[in-house]
file structure_32.cif (mmCIF, C-alpha atoms and all ligand atoms)
data_query
#
loop_
_atom_site.label_atom_id
_atom_site.label_comp_id
_atom_site.auth_asym_id
_atom_site.auth_seq_id
_atom_site.Cartn_x
_atom_site.Cartn_y
_atom_site.Cartn_z
CA MET C 26 98.36 57.59 -78.86
CA SER C 27 100.08 54.71 -77.10
CA THR C 28 103.44 55.57 -75.58
CA THR C 29 106.55 53.81 -74.29
CA PRO C 30 108.22 55.32 -71.20
CA LEU C 31 111.97 55.81 -71.69
CA THR C 32 114.49 57.63 -69.51
CA VAL C 33 116.76 60.21 -71.18
CA GLN C 34 119.63 57.71 -70.89
CA GLU C 35 117.50 55.00 -72.56
CA ILE C 36 116.62 57.44 -75.35
CA TYR C 37 120.32 58.18 -75.84
CA ASP C 38 121.16 54.45 -75.88
CA LEU C 39 118.38 53.65 -78.36
CA ALA C 40 119.49 56.43 -80.74
CA TYR C 41 123.21 55.62 -80.36
CA HIS C 42 122.85 51.86 -80.99
CA CYS C 43 120.48 52.41 -83.90
CA LEU C 44 122.98 54.80 -85.52
CA ILE C 45 125.90 52.44 -84.82
CA SER C 46 124.06 49.44 -86.27
CA ASN C 47 123.39 51.46 -89.42
CA GLY C 48 127.00 52.34 -90.08
CA CYS C 49 127.91 55.36 -87.90
CA ASP C 50 131.18 55.42 -86.03
CA ASP C 51 131.25 56.22 -82.30
CA ALA C 52 131.92 59.98 -82.62
CA ASN C 53 129.15 60.61 -85.17
CA ALA C 54 126.61 58.36 -83.42
CA ALA C 55 127.34 59.83 -79.97
CA ALA C 56 127.02 63.46 -81.13
CA ALA C 57 123.71 62.81 -82.93
CA ALA C 58 122.38 60.74 -80.01
CA ARG C 59 123.30 63.57 -77.57
CA THR C 60 121.30 66.02 -79.69
CA ILE C 61 118.31 63.65 -80.03
CA SER C 62 118.17 62.74 -76.34
CA ALA C 63 118.57 66.40 -75.29
CA ALA C 64 115.57 67.27 -77.48
CA GLU C 65 113.44 64.57 -75.81
CA ARG C 66 114.72 65.65 -72.37
CA ASP C 67 113.54 69.22 -73.08
CA GLY C 68 110.20 68.20 -74.63
CA ALA C 69 111.29 69.33 -78.11
CA VAL C 70 109.76 66.14 -79.51
CA SER C 71 109.73 67.16 -83.17
CA HIS C 72 113.55 67.11 -83.08
CA GLY C 73 114.07 64.05 -80.90
CA LEU C 74 113.57 60.38 -81.81
CA PHE C 75 111.02 61.52 -84.42
CA ARG C 76 114.07 62.46 -86.56
CA LEU C 77 115.93 59.17 -86.16
CA PRO C 78 114.24 57.28 -89.04
CA GLY C 79 115.33 60.14 -91.35
CA TYR C 80 118.91 59.95 -90.06
CA ILE C 81 118.89 56.18 -90.73
CA LYS C 82 117.43 56.56 -94.24
CA SER C 83 120.20 58.99 -95.16
CA LEU C 84 122.86 56.58 -93.85
CA ARG C 85 121.34 53.65 -95.74
CA SER C 86 121.08 55.60 -99.01
CA GLY C 87 124.75 56.59 -98.69
CA LYS C 88 123.91 60.32 -98.65
CA ALA C 89 125.19 60.99 -95.12
CA ASN C 90 128.67 59.96 -94.04
CA GLY C 91 128.50 58.12 -90.72
CA HIS C 92 132.30 58.32 -90.43
CA ALA C 93 132.58 62.07 -91.08
CA GLN C 94 135.69 63.84 -89.83
CA PRO C 95 134.95 67.58 -89.83
CA LYS C 96 137.83 69.68 -91.17
CA ILE C 97 138.71 73.07 -89.73
CA GLU C 98 139.92 76.05 -91.75
CA HIS C 99 140.88 79.35 -90.07
CA LEU C 100 139.98 81.97 -92.70
CA THR C 101 140.96 84.86 -90.38
CA PRO C 102 141.32 84.93 -86.57
CA ALA C 103 137.58 85.74 -86.33
CA ALA C 104 136.29 83.57 -89.19
CA ILE C 105 136.35 79.79 -88.90
CA ARG C 106 135.08 77.50 -91.64
CA LEU C 107 134.26 73.91 -90.91
CA ASP C 108 133.71 71.31 -93.61
CA GLY C 109 131.32 68.70 -92.19
CA ASP C 110 132.58 65.95 -94.53
CA ASN C 111 128.96 65.12 -95.41
CA GLY C 112 128.18 64.06 -91.85
CA TYR C 113 125.47 65.15 -89.45
CA ALA C 114 125.67 68.66 -88.01
CA PRO C 115 125.91 67.71 -84.28
CA LEU C 116 129.51 66.48 -84.61
CA ALA C 117 130.55 69.47 -86.73
CA ILE C 118 129.01 71.80 -84.14
CA GLU C 119 130.77 70.01 -81.27
CA VAL C 120 134.10 70.30 -83.10
CA GLY C 121 133.63 73.93 -84.16
CA THR C 122 132.12 75.49 -81.02
CA PRO C 123 135.25 75.52 -78.81
CA LEU C 124 137.17 77.30 -81.61
CA LEU C 125 134.37 79.83 -82.06
CA VAL C 126 134.20 80.47 -78.31
CA ASP C 127 137.97 81.00 -78.04
CA ALA C 128 137.96 83.43 -80.95
CA ALA C 129 134.98 85.45 -79.66
CA LYS C 130 136.49 85.67 -76.17
CA LYS C 131 139.70 87.10 -77.63
CA LEU C 132 138.28 89.28 -80.41
CA GLY C 133 134.79 90.23 -79.18
CA VAL C 134 133.10 88.68 -82.21
CA ALA C 135 133.65 85.55 -84.28
CA VAL C 136 131.81 83.52 -86.91
CA LEU C 137 131.71 79.78 -87.55
CA THR C 138 130.43 78.66 -90.93
CA ILE C 139 129.59 75.00 -91.47
CA ARG C 140 129.44 73.53 -94.97
CA ASN C 141 128.74 70.04 -96.31
CA SER C 142 126.70 68.77 -93.41
CA PHE C 143 123.14 67.63 -92.69
CA HIS C 144 121.21 69.60 -90.07
CA PHE C 145 118.15 67.75 -88.79
CA ALA C 146 117.86 69.19 -85.31
CA ALA C 147 116.85 72.20 -83.25
CA LEU C 148 119.31 75.11 -83.06
CA TRP C 149 119.12 75.87 -79.33
CA PRO C 150 121.90 73.34 -78.49
CA GLU C 151 124.46 75.39 -80.41
CA VAL C 152 123.44 78.81 -79.05
CA GLU C 153 123.07 77.51 -75.49
CA GLY C 154 126.53 75.96 -75.83
CA ILE C 155 127.89 79.43 -76.70
CA ALA C 156 125.93 81.21 -73.93
CA ALA C 157 127.38 78.75 -71.41
CA HIS C 158 130.68 80.62 -71.96
CA ASN C 159 129.05 84.02 -71.24
CA LEU C 160 128.85 84.83 -74.95
CA VAL C 161 125.87 85.78 -77.09
CA GLY C 162 125.08 83.11 -79.69
CA ILE C 163 123.17 83.42 -82.97
CA ALA C 164 122.64 80.53 -85.40
CA CYS C 165 120.61 79.88 -88.53
CA THR C 166 120.35 77.22 -91.21
CA VAL C 167 118.31 76.30 -94.30
CA HIS C 168 117.10 73.03 -95.83
CA THR C 169 114.56 72.56 -98.67
CA PRO C 170 111.67 74.75 -99.91
CA MET C 171 108.37 74.36 -98.07
CA VAL C 172 107.41 77.96 -97.19
CA ALA C 173 105.78 80.39 -99.63
CA PRO C 174 107.29 83.90 -99.55
CA PHE C 175 104.72 86.55 -98.58
CA GLY C 176 102.21 86.90 -101.44
CA ALA C 177 103.20 83.61 -103.16
CA LYS C 178 101.51 80.20 -102.99
CA LYS C 179 104.48 78.05 -103.95
CA PRO C 180 107.35 77.01 -101.66
CA PHE C 181 110.67 78.84 -102.04
CA PHE C 182 112.12 79.22 -98.52
CA SER C 183 112.74 76.35 -96.16
CA THR C 184 111.29 76.80 -92.66
CA ASN C 185 114.56 78.69 -92.03
CA PRO C 186 115.10 78.58 -88.25
CA ILE C 187 117.04 81.14 -86.26
CA ALA C 188 118.14 80.87 -82.62
CA PHE C 189 119.52 83.49 -80.24
CA ALA C 190 120.91 83.03 -76.74
CA TYR C 191 121.97 85.77 -74.31
CA PRO C 192 123.94 84.67 -71.26
CA ARG C 193 122.63 85.19 -67.73
CA PRO C 194 125.52 84.17 -65.48
CA GLY C 195 124.33 81.68 -62.85
CA LYS C 196 120.99 81.16 -64.64
CA ASN C 197 119.69 79.62 -67.83
CA PRO C 198 120.25 82.01 -70.76
CA TYR C 199 117.55 83.98 -72.49
CA VAL C 200 117.06 81.84 -75.59
CA PHE C 201 114.65 81.66 -78.45
CA ASP C 202 114.79 79.17 -81.27
CA MET C 203 112.15 79.46 -83.94
CA ALA C 204 111.33 78.62 -87.49
CA THR C 205 110.50 81.68 -89.60
CA ALA C 206 107.62 79.62 -90.91
CA ALA C 207 104.36 80.03 -89.02
CA LYS C 208 105.17 76.52 -87.68
CA ALA C 209 108.15 74.16 -88.05
CA ARG C 210 107.55 71.32 -90.54
CA GLY C 211 108.53 68.78 -87.85
CA ASP C 212 105.72 70.05 -85.62
CA ILE C 213 103.28 69.95 -88.54
CA GLY C 214 104.41 66.34 -89.15
CA VAL C 215 103.75 65.48 -85.50
CA ALA C 216 100.32 67.23 -85.67
CA ALA C 217 99.48 65.30 -88.88
CA ARG C 218 100.56 62.02 -87.29
CA ASP C 219 98.59 62.63 -84.07
CA GLY C 220 95.48 64.07 -85.78
CA HIS C 221 95.79 67.60 -84.31
CA GLU C 222 94.46 70.68 -86.14
CA LEU C 223 96.65 73.69 -87.00
CA PRO C 224 95.66 77.31 -86.39
CA LEU C 225 94.44 79.12 -89.50
CA GLY C 226 97.29 81.04 -91.15
CA VAL C 227 99.89 78.29 -90.73
CA GLY C 228 99.50 76.77 -94.18
CA LEU C 229 97.73 76.30 -97.50
CA ASP C 230 96.53 73.03 -99.08
CA ALA C 231 97.76 71.74 -102.44
CA ASP C 232 95.30 74.07 -104.25
CA GLY C 233 96.61 77.15 -102.40
CA ASN C 234 93.59 77.43 -100.06
CA PRO C 235 93.99 78.19 -96.32
CA THR C 236 93.42 75.06 -94.19
CA THR C 237 93.66 73.90 -90.58
CA ASP C 238 94.19 70.25 -91.64
CA ALA C 239 97.80 69.36 -90.73
CA LYS C 240 97.79 66.42 -93.16
CA LYS C 241 96.83 68.65 -96.09
CA VAL C 242 99.64 71.10 -95.29
CA HIS C 243 102.13 68.29 -94.68
CA GLN C 244 101.33 66.35 -97.84
CA GLY C 245 101.38 68.55 -100.92
CA GLY C 246 100.51 71.86 -99.27
CA VAL C 247 102.71 74.79 -98.35
CA ILE C 248 103.57 76.52 -95.06
CA LEU C 249 103.28 80.30 -94.70
CA PRO C 250 105.95 82.58 -93.18
CA PHE C 251 105.26 83.99 -89.71
CA GLY C 252 104.44 87.68 -89.57
CA GLY C 253 103.59 88.18 -93.26
CA TYR C 254 106.08 90.25 -95.23
CA LYS C 255 108.25 90.80 -92.14
CA GLY C 256 108.75 87.06 -91.62
CA SER C 257 109.40 86.74 -95.34
CA ALA C 258 112.22 89.30 -95.06
CA ILE C 259 113.80 87.49 -92.11
CA ALA C 260 113.56 84.17 -94.01
CA THR C 261 115.38 85.85 -96.91
CA MET C 262 118.11 87.07 -94.55
CA ILE C 263 118.56 83.51 -93.24
CA GLU C 264 118.93 82.12 -96.80
CA LEU C 265 121.56 84.79 -97.48
CA LEU C 266 123.48 84.16 -94.22
CA ALA C 267 123.31 80.33 -94.09
CA ALA C 268 123.72 79.75 -97.84
CA GLY C 269 125.03 82.88 -99.63
CA LEU C 270 127.52 83.88 -96.94
CA VAL C 271 128.44 80.35 -95.86
CA GLY C 272 128.89 79.18 -99.44
CA ASP C 273 126.52 76.20 -99.32
CA TYR C 274 123.13 75.49 -100.90
CA PHE C 275 120.17 77.86 -100.97
CA SER C 276 116.99 75.90 -100.19
CA TYR C 277 116.11 75.37 -103.87
CA GLU C 278 119.66 74.16 -104.63
CA ALA C 279 119.53 71.74 -101.68
CA ALA C 280 116.26 70.28 -103.02
CA GLU C 281 117.73 69.88 -106.51
CA ALA C 282 120.80 68.07 -105.14
CA ASP C 283 118.94 65.88 -102.62
CA ASN C 284 118.32 62.19 -103.32
CA LYS C 285 114.87 62.39 -101.62
CA ASP C 286 115.63 59.48 -99.30
CA GLY C 287 113.45 61.02 -96.56
CA GLY C 288 116.45 62.15 -94.53
CA PRO C 289 117.82 65.68 -94.11
CA ALA C 290 119.03 67.67 -97.12
CA ARG C 291 122.54 69.13 -97.17
CA GLY C 292 122.68 72.69 -95.91
CA GLY C 293 125.06 75.22 -94.40
CA GLU C 294 124.89 76.77 -90.97
CA PHE C 295 125.88 80.26 -89.86
CA ILE C 296 126.87 80.59 -86.19
CA MET C 297 128.04 83.81 -84.55
CA ALA C 298 129.38 84.50 -81.07
CA LEU C 299 129.73 87.93 -79.45
CA SER C 300 131.34 88.86 -76.16
CA PRO C 301 129.33 91.26 -73.95
CA GLU C 302 132.35 91.48 -71.66
CA ILE C 303 134.35 93.06 -74.51
CA LEU C 304 131.58 94.91 -76.35
CA ALA C 305 129.54 96.31 -73.43
CA GLY C 306 132.30 96.09 -70.86
CA PHE C 307 132.13 96.10 -67.07
CA GLY C 308 128.61 95.79 -65.61
CA TRP C 309 127.10 94.21 -68.75
CA SER C 310 125.54 91.37 -66.80
CA ASP C 311 123.80 93.49 -64.11
CA HIS C 312 122.56 95.91 -66.77
CA SER C 313 121.06 93.15 -68.98
CA GLU C 314 119.78 91.25 -65.94
CA ASP C 315 117.79 94.30 -64.86
CA PHE C 316 116.13 94.39 -68.28
CA LEU C 317 115.40 90.64 -68.37
CA THR C 318 114.08 90.58 -64.79
CA ARG C 319 111.69 93.45 -65.53
CA LEU C 320 110.58 91.62 -68.67
CA GLU C 321 109.95 88.27 -67.01
CA ASN C 322 108.14 89.89 -64.07
CA MET C 323 105.52 91.49 -66.32
CA ASP C 324 102.03 89.99 -66.05
CA GLY C 325 101.28 87.38 -68.70
CA ILE C 326 104.93 86.86 -69.66
CA ARG C 327 106.93 83.69 -69.97
CA LEU C 328 110.34 83.87 -71.55
CA PRO C 329 111.11 81.66 -74.56
CA GLY C 330 113.10 78.63 -73.46
CA GLN C 331 111.33 78.42 -70.08
CA ARG C 332 109.10 75.51 -71.18
CA ARG C 333 112.19 73.51 -72.17
CA PHE C 334 114.16 74.44 -69.05
CA ALA C 335 111.22 73.31 -66.87
CA ASN C 336 111.06 69.98 -68.75
CA ARG C 337 114.84 69.60 -68.33
CA GLU C 338 114.44 69.54 -64.54
CA SER C 339 112.25 66.43 -64.64
CA ASP C 340 113.97 63.06 -64.21
CA THR C 341 110.83 61.00 -64.90
CA PRO C 342 110.79 58.85 -68.07
CA ARG C 343 109.67 60.60 -71.27
CA GLN C 344 106.57 59.20 -72.99
CA ILE C 345 107.67 58.28 -76.52
CA ASN C 346 105.27 57.33 -79.31
CA ALA C 347 105.19 53.51 -79.13
CA THR C 348 104.95 53.03 -82.92
CA LEU C 349 108.05 55.18 -83.35
CA VAL C 350 109.98 53.12 -80.78
CA GLU C 351 109.03 49.91 -82.61
CA GLN C 352 110.01 51.45 -85.96
CA ILE C 353 113.42 52.43 -84.54
CA LYS C 354 113.96 48.94 -83.10
CA SER C 355 113.15 47.45 -86.52
CA PHE C 356 116.09 49.43 -87.96
CA MET C 357 118.57 47.68 -85.63
P1 LIG W 1 107.87 77.29 -81.45
O1 LIG W 1 106.96 78.20 -82.22
O2 LIG W 1 107.26 76.19 -80.69
O3 LIG W 1 108.73 78.14 -80.43
C1 LIG W 1 109.58 79.16 -80.89
C2 LIG W 1 110.21 79.87 -79.71
O4 LIG W 1 109.20 80.62 -79.02
C3 LIG W 1 110.81 78.92 -78.68
O5 LIG W 1 112.00 79.48 -78.21
C4 LIG W 1 109.73 78.83 -77.61
O6 LIG W 1 110.26 78.54 -76.32
C5 LIG W 1 109.14 80.22 -77.66
N1 LIG W 1 107.75 80.27 -77.23
C6 LIG W 1 106.75 79.41 -77.57
N2 LIG W 1 105.61 79.79 -76.97
C7 LIG W 1 105.90 80.89 -76.24
C8 LIG W 1 105.14 81.76 -75.39
N3 LIG W 1 103.85 81.54 -75.18
N4 LIG W 1 105.76 82.79 -74.81
C9 LIG W 1 107.09 83.01 -75.02
N5 LIG W 1 107.86 82.24 -75.80
C10 LIG W 1 107.27 81.19 -76.41
O7 LIG W 1 109.01 76.69 -82.40
P2 LIG W 1 109.05 76.53 -83.97
O8 LIG W 1 107.91 75.68 -84.34
O9 LIG W 1 109.18 77.84 -84.65
O10 LIG W 1 110.45 75.73 -84.16
C11 LIG W 1 110.62 74.48 -83.51
C12 LIG W 1 112.03 73.97 -83.66
O11 LIG W 1 112.25 73.52 -84.98
C13 LIG W 1 113.16 74.93 -83.37
O12 LIG W 1 113.97 74.31 -82.38
C14 LIG W 1 113.93 75.04 -84.68
O13 LIG W 1 115.34 75.17 -84.55
C15 LIG W 1 113.61 73.72 -85.31
N6 LIG W 1 113.79 73.74 -86.77
C16 LIG W 1 114.90 73.14 -87.32
C17 LIG W 1 115.07 73.13 -88.69
C18 LIG W 1 116.30 72.52 -89.31
O14 LIG W 1 116.44 72.57 -90.53
N7 LIG W 1 117.22 71.97 -88.58
C19 LIG W 1 114.08 73.73 -89.59
C20 LIG W 1 113.02 74.38 -88.89
C21 LIG W 1 112.86 74.36 -87.54
P3 LIG W 1 110.05 77.06 -75.68
O15 LIG W 1 110.93 76.13 -76.50
O16 LIG W 1 110.49 77.19 -74.26
O17 LIG W 1 108.60 76.72 -75.83
#
call {"tool": "encode", "arguments": {"input": "structure_32.cif", "output": "structure tokens", "more": "lines below"}}
Ligand code: NDP
result
Amino acid sequence: MSTTPLTVQEIYDLAYHCLISNGCDDANAAAAARTISAAERDGAVSHGLFRLPGYIKSLRSGKANGHAQPKIEHLTPAAIRLDGDNGYAPLAIEVGTPLLVDAAKKLGVAVLTIRNSFHFAALWPEVEGIAAHNLVGIACTVHTPMVAPFGAKKPFFSTNPIAFAYPRPGKNPYVFDMATAAKARGDIGVAARDGHELPLGVGLDADGNPTTDAKKVHQGGVILPFGGYKGSAIATMIELLAAGLVGDYFSYEAAEADNKDGGPARGGEFIMALSPEILAGFGWSDHSEDFLTRLENMDGIRLPGQRRFANRESDTPRQINATLVEQIKSFM
């Protein structure tokens, strides 16, 4: 694979100008470009520039609103609803997070629900943004069906990601961010593009047979949930939180409503913040730190998030797929 070296700032600039030249205003372009360049910075390549062509397609088809102005509704002191005005999720998240943080700091727990927006990114930015305020963050979202529930061979769930961050004052938080599919579709797309095989158990081909061929899973096949029936139950919970409770589309409804332009489908997001200072009280940090230190000192352990945090430290240019860079430039 031939690559083009780009600094994180150059990645941001490329994404921002491409979004601006396709009809985004400054606030929407900047928020999406921050999310995309942060993903490349952290080595989360399936949610970096790889997503930009999809963002552009949804702007060009008129599905996504590049001038979205998220609207805030305080349902109760602890429940905030944000209407994304059919824009991309990064701006809605940036608008909603300070309100969520304030509420959780006062009340111990608060929920932010986001409707009418397009989520095409990883979820760690939102939970890390909450943990930066010494709060616990939990987030989940849905998109369109591509995962077969345990026992089935047809898609019903989306890859339904969930992220969790626990603050560690003075350190990076404990954070995991994972699809409840055996593998995220973005990563399967990257594997298909780059000719990499998948482990057995990640997906079925179009005939419902197990396969390691990423292309066969990506085109016409179906992804399996992680952890069998247990993963299937967690995927169900995510549909119920991010769609049922939020009041936006379940995965199958999002697929029915989508214009299939190749960009993200509309979907809700459920974000929760909890205050250990209020709930556990004095000493919460030392107590949790003892647990996490023992965990990370065990032989064979690396904590989730550590790969990204190590990548974040590097200020060398990121190696971006050269064909992708040319494709993005052709959109400008
Ligand atoms: P991975 O399976 O690569 O990783 C899941 C989590 O496990 C990460 O927190 C990762 O940390 C951690 N991890 C990986 N390997 C190890 C290990 N050996 N030991 C300990 N922890 C480990 O991610 P997924 O493929 O499940 O998901 C990828 C991304 O796709 C997520 O960011 C998710 O939010 C996003 N996504 C977004 C969707 C959307 O609709 N917006 C839909 C589906 C997925 P680390 O990052 O440090 O490797």
call {"tool": "residues_around", "arguments": {"input": "structure_32.cif", "residues": "stretch 293-299 of chain C", "least_positions_apart": "5", "cutoff": "6 Å", "atoms": "all atoms listed in the file", "output": "PyMOL selection string"}}
result
chain C and resi 129+133-140+160-166+267-268+273
call {"tool": "closest_atom_pairs", "arguments": {"input": "structure_32.cif", "of": "chain C", "to": "ligand LIG 1 (chain W)", "cutoff": "8 Å", "atoms": "only C-alpha atoms and all ligand atoms", "output": "tab-separated table"}}
result
residue	atom	partner	partner_atom	distance
C:Ala69	CA	W:LIG1	O15	7.0
C:Ser71	CA	W:LIG1	O11	7.1
C:His72	CA	W:LIG1	O11	6.8
C:His144	CA	W:LIG1	N7	4.9
C:Phe145	CA	W:LIG1	N7	4.3
C:Ala146	CA	W:LIG1	N7	4.3
C:Ala147	CA	W:LIG1	O13	3.6
C:Leu148	CA	W:LIG1	O13	4.2
C:Trp149	CA	W:LIG1	O12	6.2
C:Thr166	CA	W:LIG1	O14	6.1
C:Val167	CA	W:LIG1	O14	5.6
C:His168	CA	W:LIG1	O14	5.4
C:Ser183	CA	W:LIG1	C19	7.2
C:Thr184	CA	W:LIG1	C20	4.8
C:Asn185	CA	W:LIG1	C19	5.5
C:Pro186	CA	W:LIG1	C20	4.7
C:Ile187	CA	W:LIG1	O13	6.4
C:Ala188	CA	W:LIG1	O13	6.6
C:Val200	CA	W:LIG1	O5	6.2
C:Phe201	CA	W:LIG1	O5	3.4
C:Asp202	CA	W:LIG1	O5	4.2
C:Met203	CA	W:LIG1	O9	3.5
C:Ala204	CA	W:LIG1	O9	3.6
C:Thr205	CA	W:LIG1	O9	6.4
C:Ala206	CA	W:LIG1	O9	6.7
C:Ala207	CA	W:LIG1	O9	6.9
C:Lys208	CA	W:LIG1	O8	4.4
C:Ala209	CA	W:LIG1	O8	4.0
C:Arg210	CA	W:LIG1	C20	6.5
C:Gly211	CA	W:LIG1	O11	6.7
C:Asp212	CA	W:LIG1	O8	6.2
C:Pro289	CA	W:LIG1	O14	7.9
C:Ile326	CA	W:LIG1	N4	6.6
C:Arg327	CA	W:LIG1	N4	5.1
C:Leu328	CA	W:LIG1	C9	4.8
C:Pro329	CA	W:LIG1	N5	3.5
C:Gly330	CA	W:LIG1	O16	3.1
C:Gln331	CA	W:LIG1	O16	4.4
C:Arg332	CA	W:LIG1	O16	3.8
C:Arg333	CA	W:LIG1	O16	4.6
C:Phe334	CA	W:LIG1	O16	6.9
call {"tool": "residues_around", "arguments": {"input": "structure_32.cif", "residues": "stretch 312-314 of chain C", "least_positions_apart": "2", "cutoff": "10 Å", "atoms": "all atoms listed in the file", "output": "PyMOL selection string"}}
result
chain C and resi 191-194+301+305+307-310+316-320
call {"tool": "closest_residue", "arguments": {"input": "structure_32.cif", "among": "C:Gly176, C:Arg337, C:Gly325, C:Asp110", "to": "C:Lys255", "atoms": "only C-alpha atoms"}}
result
C:Gly176
call {"tool": "residues_around", "arguments": {"input": "structure_32.cif", "residues": "C:Pro170", "least_positions_apart": "3", "cutoff": "7 Å", "atoms": "all atoms listed in the file", "output": "short mmCIF file (atom, residue, chain, number, x, y, z; two decimals) with C-alpha atoms, keeping the file's coordinate frame"}}
result
data_model
loop_
_atom_site.label_atom_id
_atom_site.label_comp_id
_atom_site.auth_asym_id
_atom_site.auth_seq_id
_atom_site.Cartn_x
_atom_site.Cartn_y
_atom_site.Cartn_z
CA PRO C 180 107.35 77.01 -101.66
CA PHE C 181 110.67 78.84 -102.04
CA PHE C 182 112.12 79.22 -98.52
CA SER C 183 112.74 76.35 -96.16
CA SER C 276 116.99 75.90 -100.19
CA TYR C 277 116.11 75.37 -103.87
#
call {"tool": "atom_distance", "arguments": {"input": "structure_32.cif", "atom1": "atom CA of C:Glu222", "atom2": "atom CA of C:Gly68"}}
result
19.7 Å
call {"tool": "atom_distance", "arguments": {"input": "structure_32.cif", "atom1": "atom CA of C:Ala54", "atom2": "atom CA of C:Arg343"}}
result
21.0 Å
call {"tool": "closest_residue", "arguments": {"input": "structure_32.cif", "among": "C:Met357, C:Ile105, C:Ile345, C:Ile248", "to": "C:Glu65", "atoms": "only C-alpha atoms"}}
result
C:Ile345
call {"tool": "atom_distance", "arguments": {"input": "structure_32.cif", "atom1": "atom CA of C:Val70", "atom2": "atom CA of C:Leu223"}}
result
16.9 Å
call {"tool": "residues_near_point", "arguments": {"input": "structure_32.cif", "point": "(118.2, 55.9, -92.4)", "cutoff": "12 Å", "atoms": "only C-alpha atoms", "output": "ChimeraX atom specification"}}
result
/C:40,43-49,76-91,285-289,352-353,355-357
call {"tool": "closest_residue", "arguments": {"input": "structure_32.cif", "among": "C:Gly226, C:Gly112, C:Thr236, C:Gly246", "to": "C:Lys178", "atoms": "only C-alpha atoms"}}
result
C:Gly246
call {"tool": "closest_residue", "arguments": {"input": "structure_32.cif", "among": "C:His99, C:Lys241, C:Arg218, C:His92", "to": "C:Phe75", "atoms": "all atoms listed in the file"}}
result
C:Arg218
call {"tool": "residues_near_point", "arguments": {"input": "structure_32.cif", "point": "(119.1, 60.2, -80.5)", "cutoff": "6 Å", "atoms": "only C-alpha atoms", "output": "PDB file with C-alpha atoms, in the frame of the given file"}}
result
ATOM      1  CA  TYR C  37     120.320  58.180 -75.840  1.00  0.00           C
ATOM      2  CA  ALA C  40     119.490  56.430 -80.740  1.00  0.00           C
ATOM      3  CA  ALA C  57     123.710  62.810 -82.930  1.00  0.00           C
ATOM      4  CA  ALA C  58     122.380  60.740 -80.010  1.00  0.00           C
ATOM      5  CA  ILE C  61     118.310  63.650 -80.030  1.00  0.00           C
ATOM      6  CA  SER C  62     118.170  62.740 -76.340  1.00  0.00           C
ATOM      7  CA  LEU C  74     113.570  60.380 -81.810  1.00  0.00           C
TER       8      LEU C  74
END
call {"tool": "closest_residue", "arguments": {"input": "structure_32.cif", "among": "C:Asp127, C:Glu151, C:Ala216, C:Leu265", "to": "C:Ala239", "atoms": "all atoms listed in the file"}}
result
C:Ala216
call {"tool": "closest_residue", "arguments": {"input": "structure_32.cif", "among": "C:Val120, C:Ile213, C:Leu249, C:Val271", "to": "C:Ala104", "atoms": "only C-alpha atoms"}}
result
C:Val271
call {"tool": "build_atoms", "arguments": {"input": "structure_32.cif", "residues": "stretch 342-353 of chain C", "atoms": "N, CA and C atoms", "output": "CSV table (one decimal), in the frame of the given file"}}
result
chain,number,residue,atom,x,y,z
C,342,PRO,N,110.7,59.3,-66.7
C,342,PRO,CA,110.8,58.8,-68.1
C,342,PRO,C,109.9,59.7,-69.0
C,343,ARG,N,110.4,59.9,-70.2
C,343,ARG,CA,109.7,60.6,-71.3
C,343,ARG,C,108.7,59.6,-72.0
C,344,GLN,N,107.5,60.1,-72.3
C,344,GLN,CA,106.6,59.2,-73.0
C,344,GLN,C,106.8,59.3,-74.5
C,345,ILE,N,107.3,58.3,-75.1
C,345,ILE,CA,107.7,58.3,-76.5
C,345,ILE,C,106.6,57.5,-77.3
C,346,ASN,N,106.2,58.0,-78.4
C,346,ASN,CA,105.3,57.3,-79.3
C,346,ASN,C,105.7,55.9,-79.5
C,347,ALA,N,104.8,54.9,-79.1
C,347,ALA,CA,105.2,53.5,-79.1
C,347,ALA,C,105.5,53.0,-80.5
C,348,THR,N,104.7,53.5,-81.5
C,348,THR,CA,105.0,53.0,-82.9
C,348,THR,C,106.3,53.5,-83.4
C,349,LEU,N,106.7,54.7,-83.0
C,349,LEU,CA,108.0,55.2,-83.4
C,349,LEU,C,109.1,54.3,-82.7
C,350,VAL,N,109.0,53.9,-81.4
C,350,VAL,CA,110.0,53.1,-80.8
C,350,VAL,C,110.1,51.8,-81.5
C,351,GLU,N,109.0,51.2,-81.9
C,351,GLU,CA,109.0,49.9,-82.6
C,351,GLU,C,109.7,50.1,-84.0
C,352,GLN,N,109.4,51.2,-84.6
C,352,GLN,CA,110.0,51.4,-86.0
C,352,GLN,C,111.5,51.6,-85.8
C,353,ILE,N,112.0,52.3,-84.8
C,353,ILE,CA,113.4,52.4,-84.5
C,353,ILE,C,114.1,51.1,-84.3
